[in-house]
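Reproduced below: upload-v7.csv, with CSV, N, CA and C atoms.
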chain,number,residue,atom,x,y,z
U,964,MET,N,0.8,-1.2,0.0
U,964,MET,CA,0.0,0.0,0.0
U,964,MET,C,0.9,1.2,0.0
U,965,LEU,N,0.5,2.2,-0.8
U,965,LEU,CA,1.3,3.4,-0.9
U,965,LEU,C,1.0,4.4,0.3
U,966,SER,N,2.0,4.9,0.8
U,966,SER,CA,1.8,5.9,1.9
U,966,SER,C,1.7,7.3,1.2
U,967,ALA,N,1.3,8.3,2.1
U,967,ALA,CA,1.1,9.6,1.6
U,967,ALA,C,2.5,10.2,1.1
U,968,ARG,N,3.5,9.7,1.7
U,968,ARG,CA,4.9,10.2,1.3
U,968,ARG,C,5.2,9.7,-0.1
U,969,ASP,N,4.9,8.4,-0.4
U,969,ASP,CA,5.2,7.9,-1.7
U,969,ASP,C,4.4,8.6,-2.8
U,970,ARG,N,3.1,9.0,-2.5
U,970,ARG,CA,2.3,9.7,-3.4
U,970,ARG,C,2.8,11.1,-3.7
U,971,ARG,N,3.4,11.7,-2.6
U,971,ARG,CA,3.9,13.0,-2.8
U,971,ARG,C,5.2,13.0,-3.6
U,972,ASP,N,5.9,12.0,-3.5
U,972,ASP,CA,7.2,11.9,-4.3
U,972,ASP,C,7.0,11.6,-5.7
U,973,ARG,N,5.9,11.1,-6.1
U,973,ARG,CA,5.7,10.8,-7.5
U,973,ARG,C,5.4,12.1,-8.3
U,974,PRO,N,5.8,12.1,-9.6
U,974,PRO,CA,5.5,13.2,-10.4
U,974,PRO,C,4.0,13.4,-10.6
U,975,PRO,N,3.5,14.6,-10.8
U,975,PRO,CA,2.0,14.8,-10.9
U,975,PRO,C,1.3,14.1,-12.0
U,976,GLU,N,2.0,13.8,-13.1
U,976,GLU,CA,1.3,13.1,-14.2
U,976,GLU,C,1.0,11.7,-13.9
U,977,GLU,N,1.7,11.1,-13.0
U,977,GLU,CA,1.5,9.7,-12.6
U,977,GLU,C,0.5,9.7,-11.4
U,978,GLY,N,0.5,10.7,-10.6
U,978,GLY,CA,-0.3,10.7,-9.3
U,978,GLY,C,-1.7,11.2,-9.5
U,979,VAL,N,-1.9,12.4,-9.4
U,979,VAL,CA,-3.3,13.0,-9.4
U,979,VAL,C,-4.0,12.8,-10.7
U,980,VAL,N,-3.3,13.1,-11.8
U,980,VAL,CA,-3.9,13.1,-13.1
U,980,VAL,C,-4.3,11.7,-13.5
U,981,ALA,N,-3.5,10.7,-13.2
U,981,ALA,CA,-3.8,9.3,-13.5
U,981,ALA,C,-4.9,8.8,-12.7
U,982,GLU,N,-5.0,9.3,-11.4
U,982,GLU,CA,-6.1,8.8,-10.5
U,982,GLU,C,-7.5,9.4,-10.9
U,983,LEU,N,-7.4,10.7,-11.4
U,983,LEU,CA,-8.7,11.4,-11.7
U,983,LEU,C,-9.1,11.1,-13.2
U,984,GLN,N,-8.3,10.4,-13.9
U,984,GLN,CA,-8.7,10.2,-15.3
U,984,GLN,C,-9.9,9.3,-15.5
U,985,GLY,N,-10.2,8.4,-14.5
U,985,GLY,CA,-11.4,7.6,-14.6
U,985,GLY,C,-12.6,8.3,-14.2
U,986,PHE,N,-12.5,9.5,-13.6
U,986,PHE,CA,-13.7,10.3,-13.2
U,986,PHE,C,-13.9,11.5,-14.2
U,987,ALA,N,-13.4,11.5,-15.3
U,987,ALA,CA,-13.6,12.6,-16.3
U,987,ALA,C,-15.0,12.6,-16.8
U,988,VAL,N,-15.6,13.7,-16.9
U,988,VAL,CA,-16.9,13.9,-17.4
U,988,VAL,C,-17.0,13.8,-18.9
U,989,ASP,N,-17.9,12.9,-19.4
U,989,ASP,CA,-18.0,12.7,-20.8
U,989,ASP,C,-19.1,13.7,-21.3
U,990,LYS,N,-18.7,14.8,-21.9
U,990,LYS,CA,-19.7,15.8,-22.3
U,990,LYS,C,-20.6,15.3,-23.4
U,991,ALA,N,-20.1,14.4,-24.2
U,991,ALA,CA,-20.9,13.8,-25.3
U,991,ALA,C,-22.0,13.0,-24.8
U,992,PHE,N,-21.8,12.3,-23.7
U,992,PHE,CA,-22.9,11.5,-23.1
U,992,PHE,C,-24.0,12.4,-22.5
U,993,PHE,N,-23.7,13.5,-21.9
U,993,PHE,CA,-24.7,14.4,-21.3
U,993,PHE,C,-25.5,15.1,-22.4
U,994,THR,N,-25.0,15.2,-23.6
U,994,THR,CA,-25.7,15.9,-24.6
U,994,THR,C,-26.5,14.8,-25.4
U,995,SER,N,-26.3,13.6,-25.2
U,995,SER,CA,-27.0,12.5,-25.9
U,995,SER,C,-28.4,12.4,-25.3
U,996,HIS,N,-29.3,11.6,-25.9
U,996,HIS,CA,-30.6,11.3,-25.4
U,996,HIS,C,-30.6,10.7,-24.1
U,997,LYS,N,-29.7,9.7,-23.9
U,997,LYS,CA,-29.6,9.0,-22.6
U,997,LYS,C,-29.2,9.9,-21.5
U,998,GLY,N,-28.2,10.8,-21.8
U,998,GLY,CA,-27.7,11.7,-20.8
U,998,GLY,C,-28.8,12.7,-20.4
U,999,ILE,N,-29.5,13.2,-21.3
U,999,ILE,CA,-30.6,14.1,-21.0
U,999,ILE,C,-31.7,13.4,-20.2
U,1000,LEU,N,-32.0,12.2,-20.5
U,1000,LEU,CA,-33.0,11.5,-19.7
U,1000,LEU,C,-32.5,11.2,-18.3
U,1001,LEU,N,-31.2,10.8,-18.2
U,1001,LEU,CA,-30.6,10.6,-16.9
U,1001,LEU,C,-30.7,11.8,-16.0
U,1002,GLU,N,-30.3,13.0,-16.6
U,1002,GLU,CA,-30.4,14.2,-15.9
U,1002,GLU,C,-31.8,14.6,-15.4
U,1003,THR,N,-32.8,14.3,-16.3
U,1003,THR,CA,-34.2,14.6,-15.9
U,1003,THR,C,-34.6,13.6,-14.8
U,1004,GLU,N,-34.3,12.4,-14.9
U,1004,GLU,CA,-34.7,11.4,-13.9
U,1004,GLU,C,-34.0,11.8,-12.5
U,1005,LEU,N,-32.8,12.2,-12.5
U,1005,LEU,CA,-32.1,12.6,-11.3
U,1005,LEU,C,-32.7,13.8,-10.7
U,1006,ASP,N,-33.1,14.8,-11.6
U,1006,ASP,CA,-33.8,16.0,-11.1
U,1006,ASP,C,-35.1,15.6,-10.5
U,1007,PHE,N,-35.9,14.7,-11.1
U,1007,PHE,CA,-37.2,14.3,-10.6
U,1007,PHE,C,-37.0,13.6,-9.2
U,1008,LEU,N,-36.0,12.7,-9.2
U,1008,LEU,CA,-35.7,12.0,-7.9
U,1008,LEU,C,-35.3,12.9,-6.8
U,1009,ARG,N,-34.6,14.0,-7.2
U,1009,ARG,CA,-34.2,15.0,-6.2
U,1009,ARG,C,-35.5,15.6,-5.6
U,1010,CYS,N,-36.4,15.9,-6.4
U,1010,CYS,CA,-37.7,16.5,-5.9
U,1010,CYS,C,-38.4,15.6,-5.0
U,1011,VAL,N,-38.6,14.4,-5.4
U,1011,VAL,CA,-39.3,13.4,-4.7
U,1011,VAL,C,-38.7,13.1,-3.3
U,1012,SER,N,-37.3,12.9,-3.3
U,1012,SER,CA,-36.6,12.7,-2.1
U,1012,SER,C,-36.7,13.9,-1.1
U,1013,ALA,N,-36.7,15.1,-1.7
U,1013,ALA,CA,-36.8,16.3,-0.8
U,1013,ALA,C,-38.2,16.3,-0.2
U,1014,ILE,N,-39.2,16.0,-1.0
U,1014,ILE,CA,-40.6,15.9,-0.5
U,1014,ILE,C,-40.7,15.0,0.7
U,1015,ILE,N,-40.2,13.8,0.6
U,1015,ILE,CA,-40.2,12.8,1.6
U,1015,ILE,C,-39.5,13.3,2.9
U,1016,ILE,N,-38.3,13.8,2.7
U,1016,ILE,CA,-37.4,14.2,3.8
U,1016,ILE,C,-38.1,15.4,4.5
U,1017,PHE,N,-38.6,16.4,3.8
U,1017,PHE,CA,-39.3,17.5,4.5
U,1017,PHE,C,-40.6,17.1,5.2
U,1018,LEU,N,-41.3,16.2,4.6
U,1018,LEU,CA,-42.5,15.7,5.3
U,1018,LEU,C,-42.2,15.1,6.6
U,1019,VAL,N,-41.2,14.2,6.6
U,1019,VAL,CA,-40.8,13.5,7.8
U,1019,VAL,C,-40.3,14.4,8.9
U,1020,VAL,N,-39.4,15.3,8.5
U,1020,VAL,CA,-38.8,16.3,9.4
U,1020,VAL,C,-39.9,17.3,10.0
U,1021,SER,N,-40.8,17.7,9.1
U,1021,SER,CA,-41.9,18.6,9.5
U,1021,SER,C,-42.8,17.9,10.6
U,1022,PHE,N,-43.2,16.7,10.3
U,1022,PHE,CA,-44.1,16.0,11.2
U,1022,PHE,C,-43.3,15.7,12.5
U,1023,ALA,N,-42.0,15.4,12.4
U,1023,ALA,CA,-41.3,15.1,13.6
U,1023,ALA,C,-41.1,16.4,14.5
U,1024,ALA,N,-41.0,17.5,13.8
U,1024,ALA,CA,-40.8,18.8,14.5
U,1024,ALA,C,-42.1,19.3,15.2
U,1025,VAL,N,-43.2,19.0,14.6
U,1025,VAL,CA,-44.5,19.5,15.2
U,1025,VAL,C,-44.9,18.7,16.4
U,1026,THR,N,-44.3,17.6,16.7
U,1026,THR,CA,-44.7,16.8,17.8
U,1026,THR,C,-44.3,17.4,19.2
U,1027,SER,N,-43.3,18.4,19.1
U,1027,SER,CA,-42.9,19.0,20.4
U,1027,SER,C,-43.8,20.1,20.8
U,1028,ARG,N,-44.7,20.6,20.0
U,1028,ARG,CA,-45.7,21.6,20.2
U,1028,ARG,C,-45.1,23.0,20.7
U,1029,ASP,N,-43.8,23.3,20.4
U,1029,ASP,CA,-43.3,24.6,20.7
U,1029,ASP,C,-43.7,25.6,19.5
U,1030,GLY,N,-43.5,26.9,19.8
U,1030,GLY,CA,-43.9,27.8,18.7
U,1030,GLY,C,-42.9,27.7,17.6
U,1031,ALA,N,-41.6,27.5,17.8
U,1031,ALA,CA,-40.7,27.3,16.8
U,1031,ALA,C,-40.9,26.1,16.0
U,1032,ALA,N,-41.3,25.0,16.7
U,1032,ALA,CA,-41.6,23.7,16.0
U,1032,ALA,C,-42.8,23.9,15.0
U,1033,ILE,N,-43.8,24.6,15.4
U,1033,ILE,CA,-45.0,24.8,14.6
U,1033,ILE,C,-44.6,25.7,13.4
U,1034,ALA,N,-43.7,26.7,13.6
U,1034,ALA,CA,-43.2,27.5,12.5
U,1034,ALA,C,-42.4,26.6,11.5
U,1035,ALA,N,-41.6,25.7,12.1
U,1035,ALA,CA,-40.8,24.8,11.2
U,1035,ALA,C,-41.7,23.9,10.4
U,1036,PHE,N,-42.8,23.4,11.0
U,1036,PHE,CA,-43.8,22.6,10.3
U,1036,PHE,C,-44.4,23.3,9.2
U,1037,VAL,N,-44.8,24.6,9.4
U,1037,VAL,CA,-45.4,25.4,8.3
U,1037,VAL,C,-44.4,25.6,7.2
U,1038,PHE,N,-43.2,26.0,7.6
U,1038,PHE,CA,-42.2,26.2,6.6
U,1038,PHE,C,-41.9,24.9,5.8
U,1039,GLY,N,-41.9,23.8,6.5
U,1039,GLY,CA,-41.7,22.5,5.8
U,1039,GLY,C,-42.8,22.1,4.8
U,1040,ILE,N,-44.0,22.4,5.2
U,1040,ILE,CA,-45.1,22.2,4.3
U,1040,ILE,C,-45.1,23.1,3.1
U,1041,ILE,N,-44.7,24.3,3.3
U,1041,ILE,CA,-44.5,25.2,2.1
U,1041,ILE,C,-43.4,24.7,1.2
U,1042,LEU,N,-42.3,24.2,1.8
U,1042,LEU,CA,-41.2,23.7,0.9
U,1042,LEU,C,-41.7,22.4,0.2
U,1043,VAL,N,-42.5,21.6,0.9
U,1043,VAL,CA,-43.0,20.4,0.3
U,1043,VAL,C,-43.9,20.7,-0.9
U,1044,SER,N,-44.7,21.8,-0.8
U,1044,SER,CA,-45.6,22.2,-1.9
U,1044,SER,C,-44.7,22.7,-3.1
U,1045,VAL,N,-43.6,23.4,-2.8
U,1045,VAL,CA,-42.8,23.9,-3.8
U,1045,VAL,C,-42.1,22.8,-4.6
U,1046,PHE,N,-41.6,21.8,-3.8
U,1046,PHE,CA,-40.9,20.7,-4.5
U,1046,PHE,C,-41.9,19.8,-5.2
U,1047,ALA,N,-43.1,19.7,-4.7
U,1047,ALA,CA,-44.2,18.9,-5.4
U,1047,ALA,C,-44.5,19.6,-6.7
U,1048,TYR,N,-44.6,20.9,-6.7
U,1048,TYR,CA,-44.9,21.7,-8.0
U,1048,TYR,C,-43.7,21.5,-9.0
U,1049,ASP,N,-42.5,21.6,-8.5
U,1049,ASP,CA,-41.3,21.4,-9.3
U,1049,ASP,C,-41.3,20.0,-9.9
U,1050,ALA,N,-41.6,19.0,-9.1
U,1050,ALA,CA,-41.7,17.6,-9.6
U,1050,ALA,C,-42.8,17.4,-10.7
U,1051,LEU,N,-43.9,18.1,-10.5
U,1051,LEU,CA,-45.0,18.0,-11.4
U,1051,LEU,C,-44.6,18.7,-12.7
U,1052,LYS,N,-44.0,19.8,-12.7
U,1052,LYS,CA,-43.5,20.5,-13.9
U,1052,LYS,C,-42.5,19.7,-14.6
U,1053,ILE,N,-41.6,19.1,-13.9
U,1053,ILE,CA,-40.6,18.2,-14.5
U,1053,ILE,C,-41.2,17.0,-15.2
U,1054,TYR,N,-42.2,16.4,-14.5
U,1054,TYR,CA,-42.9,15.3,-15.1
U,1054,TYR,C,-43.6,15.7,-16.4
U,1055,ARG,N,-44.3,16.8,-16.3
U,1055,ARG,CA,-45.2,17.2,-17.5
U,1055,ARG,C,-44.3,17.6,-18.7
U,1056,THR,N,-43.2,18.3,-18.4
U,1056,THR,CA,-42.5,18.9,-19.6
U,1056,THR,C,-41.4,17.9,-20.1
U,1057,GLU,N,-40.8,17.1,-19.3
U,1057,GLU,CA,-39.7,16.3,-19.7
U,1057,GLU,C,-39.9,14.8,-19.7
U,1058,MET,N,-40.7,14.3,-18.8
U,1058,MET,CA,-40.8,12.9,-18.7
U,1058,MET,C,-41.9,12.3,-19.5
U,1059,ALA,N,-43.0,13.1,-19.6
U,1059,ALA,CA,-44.2,12.6,-20.3
U,1059,ALA,C,-44.8,13.7,-21.2
U,1060,PRO,N,-44.0,14.2,-22.1
U,1060,PRO,CA,-44.5,15.2,-23.0
U,1060,PRO,C,-45.5,14.6,-24.0
U,1061,GLY,N,-45.3,13.4,-24.4
U,1061,GLY,CA,-46.2,12.8,-25.4
U,1061,GLY,C,-47.6,12.5,-24.8
U,1062,ALA,N,-47.8,12.3,-23.6
U,1062,ALA,CA,-49.1,12.0,-23.0
U,1062,ALA,C,-49.9,13.3,-22.9
U,1063,ILE,N,-49.2,14.4,-22.7
U,1063,ILE,CA,-49.9,15.7,-22.6
U,1063,ILE,C,-50.3,16.2,-24.0
U,1064,GLN,N,-49.4,16.0,-25.0
U,1064,GLN,CA,-49.7,16.4,-26.4
U,1064,GLN,C,-50.8,15.5,-26.9
U,1065,GLY,N,-50.9,14.3,-26.5
U,1065,GLY,CA,-51.9,13.4,-27.0
U,1065,GLY,C,-53.3,13.8,-26.5
U,1066,ASP,N,-53.4,14.3,-25.3
U,1066,ASP,CA,-54.7,14.8,-24.7
U,1066,ASP,C,-55.2,16.0,-25.4
U,1067,GLN,N,-54.3,16.8,-26.0
U,1067,GLN,CA,-54.8,18.1,-26.6
U,1067,GLN,C,-55.3,17.9,-28.0
U,1068,HIS,N,-55.0,16.8,-28.7
U,1068,HIS,CA,-55.4,16.6,-30.1
U,1068,HIS,C,-56.7,15.9,-30.1
As structure tokens:
Amino acid sequence: MLSARDRRDRPPEEGVVAELQGFAVDKAFFTSHKGILLETELDFLRCVSAIIIFLVVSFAAVTSRDGAAIAAFVFGIILVSVFAYDALKIYRTEMAPGAIQGDQH
């Protein structure tokens, strides 16, 4: 196993650059259809996970019945509604545009 001292003594082209080469961002992938779909799915997943987290934290905070806890609950519910609206807009515009266009014709 290499120690920090061994890594420091190596030239930079063998050390840091060689280790980070596997983590390079492929810009061609993110502009392809699969990359755009992946980005949309991750954005939708971000909204859904934020909704779940804020709901759990809001209901956990309101159980103490303090004034600050009730304010945190109200703020959490407002954030849940904002994230729900964002998830709905993402779903309508990017994940299911064909279903909406089919309803209009």
Worksheet item: Please, what distance in Å, to one decimal, runs between atom N of U:Ala1047 and atom N of U:Asp1006?
Response: 13.1 Å
Discussion item. Set the distance at 9 Å and use only C-alpha atoms: which residues neighbour U:Phe1046 once local chain neighbours fewer than 5 positions away are removed? I'd like the list as a PyMOL selection string.
Written reply: chain U and resi 1009-1011+1013-1014+1041+1051
Generate the output file for the selected residues, N, CA and C atoms, as a compact mmCIF listing (two decimals), in the frame of the given file.
# COMPACT_ATOMS: atom_id res chain seq x y z
N ARG U 1009 -34.60 14.00 -7.20
CA ARG U 1009 -34.20 15.00 -6.20
C ARG U 1009 -35.50 15.60 -5.60
N CYS U 1010 -36.40 15.90 -6.40
CA CYS U 1010 -37.70 16.50 -5.90
C CYS U 1010 -38.40 15.60 -5.00
N VAL U 1011 -38.60 14.40 -5.40
CA VAL U 1011 -39.30 13.40 -4.70
C VAL U 1011 -38.70 13.10 -3.30
N ALA U 1013 -36.70 15.10 -1.70
CA ALA U 1013 -36.80 16.30 -0.80
C ALA U 1013 -38.20 16.30 -0.20
N ILE U 1014 -39.20 16.00 -1.00
CA ILE U 1014 -40.60 15.90 -0.50
C ILE U 1014 -40.70 15.00 0.70
N ILE U 1041 -44.70 24.30 3.30
CA ILE U 1041 -44.50 25.20 2.10
C ILE U 1041 -43.40 24.70 1.20
N LEU U 1051 -43.90 18.10 -10.50
CA LEU U 1051 -45.00 18.00 -11.40
C LEU U 1051 -44.60 18.70 -12.70
Worksheet item: Hey, which of U:Ala1032, U:Leu1042, U:Leu1001, U:Val1037 ends up closest to U:Ile1015? Count only C-alpha atoms.
Response: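 So, comparing all the options, the nearest one is U:Leu1042.
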Worksheet item: When you draw a straight line from atom N of U:Glu1002 to atom N of U:Asp1049, how long is it in Å?
Response: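 Interatomic distance, atom N of U:Glu1002 to atom N of U:Asp1049: 17.0 Å.
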Worksheet item: Of the candidates U:Asp1029, U:Val1019, U:Ser1044, U:Met1058, which shows the shortest atom-to-atom distance to U:Leu1000, using only N, CA and C atoms?
Response: U:Met1058
Worksheet item: Which is closest to U:Phe1036 among U:Thr994, U:Ser1021, U:Thr1003, U:Thr1056, if we use only C-alpha atoms?
Response: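 Closest residue, counting only C-alpha atoms: U:Ser1021.
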Item to complete: Could you please determine the separation between atom CA of U:Arg1055 and atom N of U:Phe1017 in Å, to one decimal place?
Response: 22.3 Å
Worksheet item: When distances are computed from only N, CA and C atoms, which of U:Ile1053, U:Leu1018, U:Ala1023, U:Leu1005 shows the smallest separation from U:Ile1040?
Response: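 Smallest distance to U:Ile1040 is found for U:Leu1018.
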